[in-house]
Structures are given as structure tokens and as C-alpha cells.
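*Asks:* Quick one: structure below, then a few questions.
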Amino acid sequence: MGDDYLVRIGKLIRDARQHRGWTQTQLAEALGTSQSAVNRIERGNQNISLEMIARIGEALDSEIVSLGYAGPMHLRVVGGRRLSGRIDVKTSKNACVALLCAALLNSGRTTLRRVARIEEVYRILEVLGSIGVRTRWLNDAGDLEIVPPARLDLDAMNTDAARRTRSVIMFLGPLLHRMDHFRIPYAGGCDLGTRTVQPHMTALRHFGLEVTATEGTYHAQVDRSVSPGRPIVLTERGDTVTENALLAAARHDGVTVIRNASSNYMVQDLCFFLEQLGVSVEGVGTTTLTVHGVAQIDRDVDYAPSEDPVEAMSLLAAAVVTESELTIRRVPVEFMEIELAVLEEMGLDTERSPEYPANNGRTRLIDLTVRPSKLRGPIDKIHPMPFPGLNIDNVPFFAAIAATAQGSTLIHDWVYDNRAIYLTDLNRLGADVKLLDPHRLLVEGPTRWRAAEMMCPPALRPAVVVLLAMMAAEGTSVLRNVYVINRGYEDLAERLNSVGAQIEIFRDI
């Protein structure tokens, strides 16, 4: 590897580390090397193997290089352009990931319609394929067929793919019914006992699952004599923990009551899918779910997940920050009602079509037209709440929207420890965003956006927010290393280009 490449790769590694908020010492600890070695790598003074580059990318949750391509993907954005026309919302990526995990419950053929073609889905498909599950795309529309083997080969699991998706945690619920002992890897930073993992273990313990974690692996053991003797009360009303409890309850031969359950969009889609498998779920849309499980499931099922309200919010925010008139079709309105109410209070001019059903027959959709509006800061702070409150994943988009509004907006992102910090990247594009503490931001508007070249934040929603701000900024901006966006959005740049944006995809290594 030439010296020039080493310097350029070192710069990418340094930028990815800084965006994650790590010191060189922290990265060194994750890699099992020294701080001085990391320093040499970042200055381009250390020979570095492709294996080490992959390990660094895994530790930083960032695609440093892409094997088989010229290098990591970047976006060049010519901003200041107005959007116009119509754009459709894609299916929910969070629902699709949950349904792929749920297919492990079924011995029959599962067909999922219009599955999101995103990196997160590809990683789960790679894991499923490695353990013997046969999957194939049926057409260009994204229909996907899943056929499990008689016996899963977990020893052959693609651990690299598994570590690149936090969704692999949702394998626990289905697998505990298939084998008494098994192992799955967990993503870096997802330590046993942390906020994101412990609620899963607490819930699944009711089904006899005990898990220990050593050297980046969950070691699971199932005691078949244990079953829920009373309602399961989730210690956190989280989406994935609710889904994991549902997946475990689906093949428990009896009645399971889950309290303090999430009623969010992806949970509802999972419930509708389980009903197709013959599992009765009462209380869908509420915080108490009663699951009538079945011990064996062997059905050929065909299911269409609904559209993604967070993508709908992304497209809405794109129209707002670029001062455009845009019609967003197939918006799951019941999961955006609080957001729309807040935006209308801020002065946003919208028009809604009559409601119509999604392809799952249950979710309510509308077509939403957004028009250029003079916005003002909201009276109350912007803060997320479990459904039916303002969606946790939609909070970052209010940072860009608030930056276009007249006055001050307080954003309280209380759920995540670090996400608010990444929204201060908007300052490099001309915004006035003050970080009050790790969870609170004060945004002053309106903003005169300016172009910039910068590294993509390592968090999905803040990364898209930065992209949208670049679309509003006169001139040419560059957003480097956008793998994280590809994890959650399908062909986002091309689709925004179809309604008037000018975004070029390029690679430079």
C-alpha cells in the first residue's frame, strides 16, 4: 500500500474516530493495540493490512474501505435547489429487519413484499444465509422469499456480518425455541448489562433463557422447565425488546401477557405478521399485549410490511429546509400525527389526502403535500415519547427544521447518550446549535446555510439531517463515508435527485 494511500486512509480513520467521540487510547483498547500505534496509523506512518482496516471499521461502526469497490462512498451535493413533484415512502426498514428475524419461527416459506434493500437488511440476510436459511429476491420490486432448513447451523454463522448489525439481538427470541444451547455474536459497544441489552435478558428469562457474555459473544442456555407464570413487565418500553418478547411468546405453547410493551409501527407490523403465522395477539396498538402462542409453526405466508414513518419525516424535512413544495405519498399518518401537529403549530402549510390502507390492510396512509412556509420556533420543547408520542427517531430532523424557523427551539433528546452531540455538526453548515448538555440542544434560527466538506456522523438520523442541510446550502458540499446512511435508506440520493436535488455519488480510494 503506497504512502499516499496510507495518509488518506489514516485521515479517514482519524475522522471516523473523532466523530464517534473516541480518543486514540479508546480505539487502541478496542483493537488490542497501543495508542502510539493508532497515532502512527492516523498519520499514515504505519503499514496497515486490510484485516486491520476492517477491524477498525467494525470498532468505529464506519466503512473505512469497501472491498471490491474503489473505496468508501461519498456524496457531492449541489445545494440551493428547490424540490418538486412526488416521491413515495419506502417500506419500514425496522419492520423488515424484525420480520426477517421472525421468519426463523416458521418452518414454512415466508414471502415478504417490497423489502427495503438497505445495508442493515443485507447484513441480516448474510447471517441467515450462513446458518442455512435460503433467501432469494423474487423480482426488482424487492419481494423476498425465505425458506429455513430443518436444522440451523449456528456454528457456521457469519460473525462479521452479525457484528455489523445490532438487530442480531432479535435472534434470541426465535432461537430459544429451536435449541437448548447456542451462541451469537454481539456488536461492539453492546455490552451485557447496558441499557440496550439488559431489558432483553430480563424479558427472555421468563422463557428459561440465561445468557452470559464473554469475548464478544452471547452464550445462551435454555431451561425448558421455565415458562411465564405471570405477566412479563418490560423494564423499558423499547421497540426491539418488545419484539424479542413477542418472538419468544409466539412459539410458547400458552398465553403470554407482555406489559409496558411498545406499540410503535414496527411492533405492530410484527404483530400483524405473527397473526399470519397463526399466533393470536390481542391489544395491538396498546401497551399490553396478550399472545396466544403455538408450539410449532409451519405455514407458507405472504406479508407486506407498511411504510416507514421515519423516512416520511426525512422527506418532509427535506422539503422544509429547501423551501420546496413536495408531495410525499404513502405516509403512515397514525405514526406521524404528533410530528404534524407540532409542525402545523410552527406554521407549516400542508395538505392531506383522504386516508387509505397500506398493503398490510391495517396501517393508515395518506399523501401529504408540503408547501414553503415561514416557520416559528415552537412554544414547547421538542422531546420524544413512546408511541403515540413524537417518534424518538424523528427528533433529529427537528434540528434542521428548527434551524430554518424564526426564534429559539429547545430539543431534548433524552433517550440516547450521544446522538444530540452529532447534531452540532450543523454548525459547520451555518446553523446556530448550542449543546447545553449531552441530551439538550438550543437551536436558533433562521439559518443562512453555507456549503462545507465534512465527515458523515456515525449515527444514522443525524447523518441524514446533515445531508438535508447540505441540500439547502448554496454551493457544493461533500459528505464523506456515507455507509451509515445506506444502512437505513434505500437509494436515498437517487430518489432525492428524482424530485430536483443534485447529489453525486463518488469514491476516491
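Identifiers in this document derive from the order of the C-alpha cells: chains are assigned A, B, ..., residues are numbered from 1 separately in each chain, and ligands are numbered from 1 in order of occurrence.
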Residues within 8 Å of Leu31 of chain A, please, as a compact mmCIF listing (two decimals) with C-alpha atoms, in the first residue's frame. Count only C-alpha atoms; anything in the same chain fewer than 6 positions from it doesn't count.
*Replies:*
# COMPACT_ATOMS: atom_id res chain seq x y z
CA ARG A 55 -11.31 -4.33 12.37
CA ILE A 56 -11.04 -0.56 12.74
CA ALA A 59 -14.87 -0.90 16.04
*Asks:* Within 7 Å of segment 241-244 of chain A, counting only C-alpha atoms, which residues show up once you throw out same-chain ones fewer than 2 positions away? Write them as a list of chain:residue names, please.
*Replies:*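 Listed by chain and then number, they are A:Met170, A:Gly173, A:Pro199, A:His200, A:Gly238, A:Asp239, A:Leu246, A:Leu247, A:Ala248, A:Ala261, A:Ser262, A:Val267.
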*Asks:* Create the file for the chosen residues now, containing N, CA, C and O atoms and written as an mmCIF file, in the first residue's frame.
*Replies:*
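Listing of result18.cif after writing:
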data_model
loop_
_atom_site.group_PDB
_atom_site.id
_atom_site.type_symbol
_atom_site.label_atom_id
_atom_site.label_comp_id
_atom_site.auth_asym_id
_atom_site.auth_seq_id
_atom_site.Cartn_x
_atom_site.Cartn_y
_atom_site.Cartn_z
ATOM 1 N N MET A 170 -32.176 -9.789 18.062
ATOM 2 C CA MET A 170 -33.531 -10.332 17.916
ATOM 3 C C MET A 170 -33.537 -11.776 17.441
ATOM 4 O O MET A 170 -34.603 -12.344 17.226
ATOM 5 N N GLY A 173 -34.983 -14.438 20.668
ATOM 6 C CA GLY A 173 -36.368 -14.869 20.858
ATOM 7 C C GLY A 173 -36.738 -16.095 20.048
ATOM 8 O O GLY A 173 -37.279 -17.069 20.592
ATOM 9 N N PRO A 199 -32.644 -5.135 29.224
ATOM 10 C CA PRO A 199 -34.083 -5.397 29.181
ATOM 11 C C PRO A 199 -34.451 -6.649 28.383
ATOM 12 O O PRO A 199 -35.418 -7.346 28.722
ATOM 13 N N HIS A 200 -33.675 -6.962 27.334
ATOM 14 C CA HIS A 200 -33.914 -8.191 26.568
ATOM 15 C C HIS A 200 -33.718 -9.412 27.460
ATOM 16 O O HIS A 200 -34.525 -10.354 27.453
ATOM 17 N N GLY A 238 -39.108 -0.421 25.049
ATOM 18 C CA GLY A 238 -38.320 -0.335 23.827
ATOM 19 C C GLY A 238 -38.928 -1.155 22.715
ATOM 20 O O GLY A 238 -39.655 -2.132 22.955
ATOM 21 N N ASP A 239 -38.593 -0.772 21.477
ATOM 22 C CA ASP A 239 -39.141 -1.469 20.320
ATOM 23 C C ASP A 239 -38.562 -2.872 20.182
ATOM 24 O O ASP A 239 -39.302 -3.860 20.076
ATOM 25 N N LEU A 246 -42.113 -10.732 21.978
ATOM 26 C CA LEU A 246 -43.148 -11.272 21.088
ATOM 27 C C LEU A 246 -42.648 -12.517 20.356
ATOM 28 O O LEU A 246 -43.381 -13.511 20.222
ATOM 29 N N LEU A 247 -41.409 -12.471 19.872
ATOM 30 C CA LEU A 247 -40.856 -13.614 19.142
ATOM 31 C C LEU A 247 -40.735 -14.834 20.046
ATOM 32 O O LEU A 247 -40.955 -15.974 19.616
ATOM 33 N N ALA A 248 -40.379 -14.605 21.310
ATOM 34 C CA ALA A 248 -40.313 -15.725 22.255
ATOM 35 C C ALA A 248 -41.699 -16.243 22.588
ATOM 36 O O ALA A 248 -41.926 -17.461 22.680
ATOM 37 N N ALA A 261 -45.378 -2.702 26.939
ATOM 38 C CA ALA A 261 -44.887 -3.015 25.598
ATOM 39 C C ALA A 261 -44.905 -1.766 24.728
ATOM 40 O O ALA A 261 -45.760 -0.890 24.876
ATOM 41 N N SER A 262 -43.949 -1.686 23.807
ATOM 42 C CA SER A 262 -44.001 -0.644 22.786
ATOM 43 C C SER A 262 -45.164 -0.933 21.845
ATOM 44 O O SER A 262 -45.460 -2.094 21.538
ATOM 45 N N VAL A 267 -43.441 -2.750 15.760
ATOM 46 C CA VAL A 267 -44.049 -3.745 16.649
ATOM 47 C C VAL A 267 -45.412 -4.157 16.107
ATOM 48 O O VAL A 267 -45.761 -5.344 16.094
#
*Asks:* Could you pull out the residues in segment 147-382 of chain A that DSSP calls helix (DSSP H, G or I) from the backbone, as JSON, numbers by chain?
*Replies:* {"A": [154, 155, 156, 159, 160, 161, 162, 163, 166, 167, 168, 169, 170, 171, 172, 173, 174, 175, 198, 199, 200, 201, 202, 203, 204, 205, 206, 207, 239, 240, 241, 242, 243, 244, 245, 246, 247, 248, 249, 250, 265, 266, 267, 268, 269, 270, 271, 272, 273, 274, 275, 276, 309, 310, 311, 312, 313, 314, 315, 316, 317, 318, 319, 320, 321, 333, 334, 335, 337, 338, 339, 340, 341, 342, 343, 344, 345]}
*Asks:* What's around Gly407 of chain A at 8 Å? Count only C-alpha atoms, leave out sequence neighbours fewer than 3 positions away in its own chain, and write the answer as a list in words.
*Replies:* Arg376, Gly377, Glu444, Gly445 and Pro446 of chain A
*Asks:* Could you write out the selected residues, including C-alpha atoms, as a compact mmCIF listing (two decimals), in the first residue's frame?
*Replies:*
# COMPACT_ATOMS: atom_id res chain seq x y z
CA ARG A 376 -41.53 30.00 14.01
CA GLY A 377 -39.96 28.19 16.92
CA GLU A 444 -31.52 29.50 16.92
CA GLY A 445 -32.98 30.38 13.54
CA PRO A 446 -33.38 31.26 10.82
